[in-house]
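Visitor: Mind looking over this structure? Questions follow.
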Amino acid sequence: MYAVIATGGKQYLVHKGDQIKVEKLGLDPGKKVEFDQVLLLADGEDVSIGTPYVKGGKVTAEVQDNSRAKKVEVIKFKRRKNYMKRMGHRQHYTQVKITDISK
């Protein structure tokens, strides 16, 4: 059984037992979180597609960790103008483990 959920402006394909990194949720490790914006549920040949969400579809997960991703370096450069600017960015994320997928 698998599902497609929407959280943080992104969509994720999840199976039971998967660990995924989503946008920061602001919850402590060990807490439970429910994703109710389920776009698709599939159990073998039985596939439910939402318009836009599947009614009664729910994905339950447990928060594993809150952390920051690797640094992304941004360089702005204009040739022959003696201009170069370097910046870095580290995005916050929450790692969750999918514990249950239900209709």
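Ordering of the structure tokens sets the chain letters (A, B, ...); residue numbers start at 1 within each chain; ligands are numbered from 1 in the order shown.
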Write out as an mmCIF file with N, CA, C and O atoms, in the first residue's frame the residues lying within 10 Å of segment 51-63 of chain A, counting only C-alpha atoms and excluding same-chain residues fewer than 4 positions away.
Guide:
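See part.cif below for the written result:
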data_model
loop_
_atom_site.group_PDB
_atom_site.id
_atom_site.type_symbol
_atom_site.label_atom_id
_atom_site.label_comp_id
_atom_site.auth_asym_id
_atom_site.auth_seq_id
_atom_site.Cartn_x
_atom_site.Cartn_y
_atom_site.Cartn_z
ATOM 1 N N TYR A 2 0.512 2.219 -0.826
ATOM 2 C CA TYR A 2 1.262 3.462 -0.858
ATOM 3 C C TYR A 2 0.305 4.624 -1.060
ATOM 4 O O TYR A 2 -0.867 4.446 -1.381
ATOM 5 N N ALA A 3 0.836 5.832 -0.820
ATOM 6 C CA ALA A 3 0.006 7.032 -0.935
ATOM 7 C C ALA A 3 0.868 8.181 -1.434
ATOM 8 O O ALA A 3 2.096 8.157 -1.315
ATOM 9 N N VAL A 4 0.198 9.182 -1.983
ATOM 10 C CA VAL A 4 0.850 10.435 -2.358
ATOM 11 C C VAL A 4 0.240 11.505 -1.462
ATOM 12 O O VAL A 4 -0.976 11.706 -1.458
ATOM 13 N N ILE A 5 1.105 12.182 -0.668
ATOM 14 C CA ILE A 5 0.627 13.211 0.247
ATOM 15 C C ILE A 5 1.205 14.563 -0.151
ATOM 16 O O ILE A 5 2.218 14.630 -0.846
ATOM 17 N N ALA A 6 0.530 15.617 0.296
ATOM 18 C CA ALA A 6 1.002 16.976 0.051
ATOM 19 C C ALA A 6 1.272 17.643 1.395
ATOM 20 O O ALA A 6 0.404 17.633 2.276
ATOM 21 N N VAL A 14 4.772 7.883 -0.524
ATOM 22 C CA VAL A 14 5.197 7.231 0.721
ATOM 23 C C VAL A 14 4.637 5.811 0.800
ATOM 24 O O VAL A 14 3.549 5.528 0.325
ATOM 25 N N HIS A 15 5.417 4.940 1.407
ATOM 26 C CA HIS A 15 5.023 3.583 1.754
ATOM 27 C C HIS A 15 5.124 3.468 3.274
ATOM 28 O O HIS A 15 5.825 4.256 3.911
ATOM 29 N N LYS A 16 4.481 2.479 3.849
ATOM 30 C CA LYS A 16 4.576 2.256 5.284
ATOM 31 C C LYS A 16 6.019 1.883 5.631
ATOM 32 O O LYS A 16 6.620 1.027 4.983
ATOM 33 N N GLY A 17 6.576 2.547 6.636
ATOM 34 C CA GLY A 17 7.953 2.286 7.066
ATOM 35 C C GLY A 17 8.978 3.226 6.451
ATOM 36 O O GLY A 17 10.137 3.216 6.851
ATOM 37 N N ASP A 18 8.590 4.026 5.467
ATOM 38 C CA ASP A 18 9.517 4.976 4.834
ATOM 39 C C ASP A 18 9.898 6.093 5.797
ATOM 40 O O ASP A 18 9.110 6.496 6.649
ATOM 41 N N GLN A 19 11.118 6.593 5.633
ATOM 42 C CA GLN A 19 11.560 7.796 6.341
ATOM 43 C C GLN A 19 11.780 8.870 5.295
ATOM 44 O O GLN A 19 12.565 8.676 4.365
ATOM 45 N N ILE A 20 11.069 9.987 5.439
ATOM 46 C CA ILE A 20 11.183 11.070 4.467
ATOM 47 C C ILE A 20 11.500 12.376 5.175
ATOM 48 O O ILE A 20 11.233 12.529 6.367
ATOM 49 N N LYS A 21 12.085 13.299 4.427
ATOM 50 C CA LYS A 21 12.389 14.629 4.932
ATOM 51 C C LYS A 21 11.377 15.599 4.340
ATOM 52 O O LYS A 21 11.273 15.722 3.126
ATOM 53 N N LEU A 25 8.161 21.123 10.428
ATOM 54 C CA LEU A 25 6.835 21.047 11.005
ATOM 55 C C LEU A 25 6.762 21.694 12.384
ATOM 56 O O LEU A 25 5.690 22.021 12.854
ATOM 57 N N GLY A 26 7.878 21.855 13.061
ATOM 58 C CA GLY A 26 7.894 22.487 14.372
ATOM 59 C C GLY A 26 7.407 21.577 15.487
ATOM 60 O O GLY A 26 6.900 22.072 16.495
ATOM 61 N N LEU A 27 7.538 20.271 15.343
ATOM 62 C CA LEU A 27 7.143 19.318 16.374
ATOM 63 C C LEU A 27 8.378 18.658 16.964
ATOM 64 O O LEU A 27 9.405 18.520 16.295
ATOM 65 N N ASP A 28 8.277 18.249 18.220
ATOM 66 C CA ASP A 28 9.392 17.592 18.891
ATOM 67 C C ASP A 28 9.519 16.145 18.426
ATOM 68 O O ASP A 28 8.513 15.511 18.061
ATOM 69 N N PRO A 29 10.752 15.594 18.461
ATOM 70 C CA PRO A 29 10.927 14.180 18.095
ATOM 71 C C PRO A 29 10.112 13.273 19.003
ATOM 72 O O PRO A 29 9.991 13.506 20.204
ATOM 73 N N GLY A 30 9.503 12.246 18.411
ATOM 74 C CA GLY A 30 8.670 11.312 19.144
ATOM 75 C C GLY A 30 7.184 11.614 19.033
ATOM 76 O O GLY A 30 6.343 10.766 19.335
ATOM 77 N N LYS A 31 6.816 12.806 18.594
ATOM 78 C CA LYS A 31 5.406 13.186 18.452
ATOM 79 C C LYS A 31 4.814 12.547 17.198
ATOM 80 O O LYS A 31 5.517 12.273 16.229
ATOM 81 N N LYS A 32 3.512 12.351 17.207
ATOM 82 C CA LYS A 32 2.794 11.817 16.049
ATOM 83 C C LYS A 32 2.264 12.983 15.218
ATOM 84 O O LYS A 32 1.912 14.029 15.747
ATOM 85 N N VAL A 33 2.210 12.789 13.901
ATOM 86 C CA VAL A 33 1.664 13.789 12.992
ATOM 87 C C VAL A 33 0.800 13.068 11.963
ATOM 88 O O VAL A 33 1.114 11.948 11.566
ATOM 89 N N GLU A 34 -0.337 13.691 11.614
ATOM 90 C CA GLU A 34 -1.231 13.100 10.619
ATOM 91 C C GLU A 34 -1.275 14.001 9.391
ATOM 92 O O GLU A 34 -1.475 15.207 9.511
ATOM 93 N N PHE A 35 -1.076 13.406 8.236
ATOM 94 C CA PHE A 35 -1.191 14.111 6.969
ATOM 95 C C PHE A 35 -2.546 13.753 6.376
ATOM 96 O O PHE A 35 -2.780 12.608 6.003
ATOM 97 N N ASP A 36 -3.459 14.737 6.299
ATOM 98 C CA ASP A 36 -4.783 14.455 5.779
ATOM 99 C C ASP A 36 -4.967 14.928 4.339
ATOM 100 O O ASP A 36 -5.995 14.690 3.736
ATOM 101 N N GLN A 37 -3.943 15.560 3.783
ATOM 102 C CA GLN A 37 -3.992 15.968 2.379
ATOM 103 C C GLN A 37 -3.422 14.832 1.523
ATOM 104 O O GLN A 37 -2.303 14.892 1.039
ATOM 105 N N VAL A 38 -4.229 13.790 1.356
ATOM 106 C CA VAL A 38 -3.826 12.603 0.605
ATOM 107 C C VAL A 38 -4.375 12.741 -0.813
ATOM 108 O O VAL A 38 -5.581 12.852 -1.017
ATOM 109 N N LEU A 39 -3.489 12.756 -1.791
ATOM 110 C CA LEU A 39 -3.880 12.930 -3.188
ATOM 111 C C LEU A 39 -4.214 11.609 -3.876
ATOM 112 O O LEU A 39 -5.032 11.573 -4.789
ATOM 113 N N LEU A 40 -3.576 10.516 -3.437
ATOM 114 C CA LEU A 40 -3.774 9.214 -4.064
ATOM 115 C C LEU A 40 -3.527 8.127 -3.041
ATOM 116 O O LEU A 40 -2.594 8.230 -2.241
ATOM 117 N N LEU A 41 -4.370 7.108 -3.044
ATOM 118 C CA LEU A 41 -4.183 5.917 -2.216
ATOM 119 C C LEU A 41 -4.242 4.697 -3.123
ATOM 120 O O LEU A 41 -5.141 4.586 -3.956
ATOM 121 N N THR A 94 12.201 18.429 8.688
ATOM 122 C CA THR A 94 11.793 17.477 9.708
ATOM 123 C C THR A 94 11.795 16.092 9.077
ATOM 124 O O THR A 94 11.215 15.896 8.017
ATOM 125 N N GLN A 95 12.467 15.153 9.731
ATOM 126 C CA GLN A 95 12.490 13.784 9.226
ATOM 127 C C GLN A 95 11.398 13.004 9.944
ATOM 128 O O GLN A 95 11.329 12.996 11.175
ATOM 129 N N VAL A 96 10.515 12.370 9.166
ATOM 130 C CA VAL A 96 9.407 11.605 9.737
ATOM 131 C C VAL A 96 9.446 10.171 9.225
ATOM 132 O O VAL A 96 9.947 9.895 8.135
ATOM 133 N N LYS A 97 8.913 9.258 10.045
ATOM 134 C CA LYS A 97 8.793 7.850 9.659
ATOM 135 C C LYS A 97 7.311 7.532 9.525
ATOM 136 O O LYS A 97 6.529 7.752 10.455
ATOM 137 N N ILE A 98 6.915 7.020 8.371
ATOM 138 C CA ILE A 98 5.515 6.700 8.090
ATOM 139 C C ILE A 98 5.150 5.430 8.863
ATOM 140 O O ILE A 98 5.783 4.384 8.682
ATOM 141 N N THR A 99 4.128 5.544 9.727
ATOM 142 C CA THR A 99 3.731 4.398 10.550
ATOM 143 C C THR A 99 2.448 3.738 10.056
ATOM 144 O O THR A 99 2.262 2.538 10.268
ATOM 145 N N ASP A 100 1.545 4.504 9.407
ATOM 146 C CA ASP A 100 0.276 3.914 8.992
ATOM 147 C C ASP A 100 -0.318 4.675 7.821
ATOM 148 O O ASP A 100 -0.214 5.894 7.756
ATOM 149 N N ILE A 101 -0.948 3.947 6.923
ATOM 150 C CA ILE A 101 -1.685 4.531 5.798
ATOM 151 C C ILE A 101 -3.091 3.927 5.852
ATOM 152 O O ILE A 101 -3.241 2.707 5.846
ATOM 153 N N SER A 102 -4.101 4.790 5.936
ATOM 154 C CA SER A 102 -5.469 4.272 6.062
ATOM 155 C C SER A 102 -6.428 5.021 5.171
ATOM 156 O O SER A 102 -6.210 6.167 4.817
ATOM 157 N N LYS A 103 -7.526 4.339 4.807
ATOM 158 C CA LYS A 103 -8.597 4.962 4.028
ATOM 159 C C LYS A 103 -9.541 5.531 5.016
ATOM 160 O O LYS A 103 -10.544 5.766 5.130
#
Visitor: At what distance in Å, to one decimal, does atom CA of Gln11 of chain A lie from atom CA of Met87 of chain A?
Guide: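 Those two atoms sit 27.9 Å apart.
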Visitor: If we count only C-alpha atoms and set the cut-off at 7 Å, which residues sit around Met1 of chain A, ignoring sequence neighbours fewer than 6 positions away in its own chain? Please answer as number ranges by chain.
Guide: A: 15, 42-44
Visitor: Tell me which protein, DNA and RNA residues are within 6 Å of Gly88 of chain A, counting only C-alpha atoms, leaving out same-chain ones fewer than 4 positions away, and put them as a PyMOL selection string.
Guide: chain A and resi 72-74
Visitor: Those residues you just picked out, can you put them in a file as a JSON list (two decimals), in the first residue's frame with N, CA and C atoms?
Guide:
[["chain", "number", "residue", "atom", "x", "y", "z"],
["A", 72, "VAL", "N", 23.69, 25.10, 0.56],
["A", 72, "VAL", "CA", 23.61, 25.38, -0.86],
["A", 72, "VAL", "C", 24.30, 26.72, -1.06],
["A", 73, "GLU", "N", 25.32, 26.76, -1.91],
["A", 73, "GLU", "CA", 26.07, 27.99, -2.12],
["A", 73, "GLU", "C", 25.56, 28.69, -3.37],
["A", 74, "VAL", "N", 25.27, 29.98, -3.24],
["A", 74, "VAL", "CA", 24.76, 30.80, -4.34],
["A", 74, "VAL", "C", 25.83, 31.82, -4.68]]
Visitor: Please report the interatomic distance between atom CA of Lys24 of chain A and atom CA of Arg86 of chain A in Å with one decimal.
Guide: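 If I compute the distance from atom CA of Lys24 of chain A to atom CA of Arg86 of chain A, I get 25.3 Å.
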Visitor: Calculated over only C-alpha atoms, which of the candidates A:Lys81, A:His92, A:Gly8, A:Glu23 has the smallest distance to Ala69 of chain A?
Guide: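 With only C-alpha atoms as the atom set, the closest residue is A:His92.
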Visitor: Do you have the atom CA of Gly50 of chain A-atom CA of Lys10 of chain A distance handy?
Guide: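 Distance between the two atoms: 16.2 Å.
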Visitor: Identify, with DSSP run on backbone atoms, the residues in chain A assigned to strand (DSSP E), and express the list as a VMD selection string.
Guide: chain A and resid 2 to 7 10 to 15 19 to 23 32 to 35 38 to 43 46 to 49 58 to 68 72 to 78 83 to 89 92 to 102
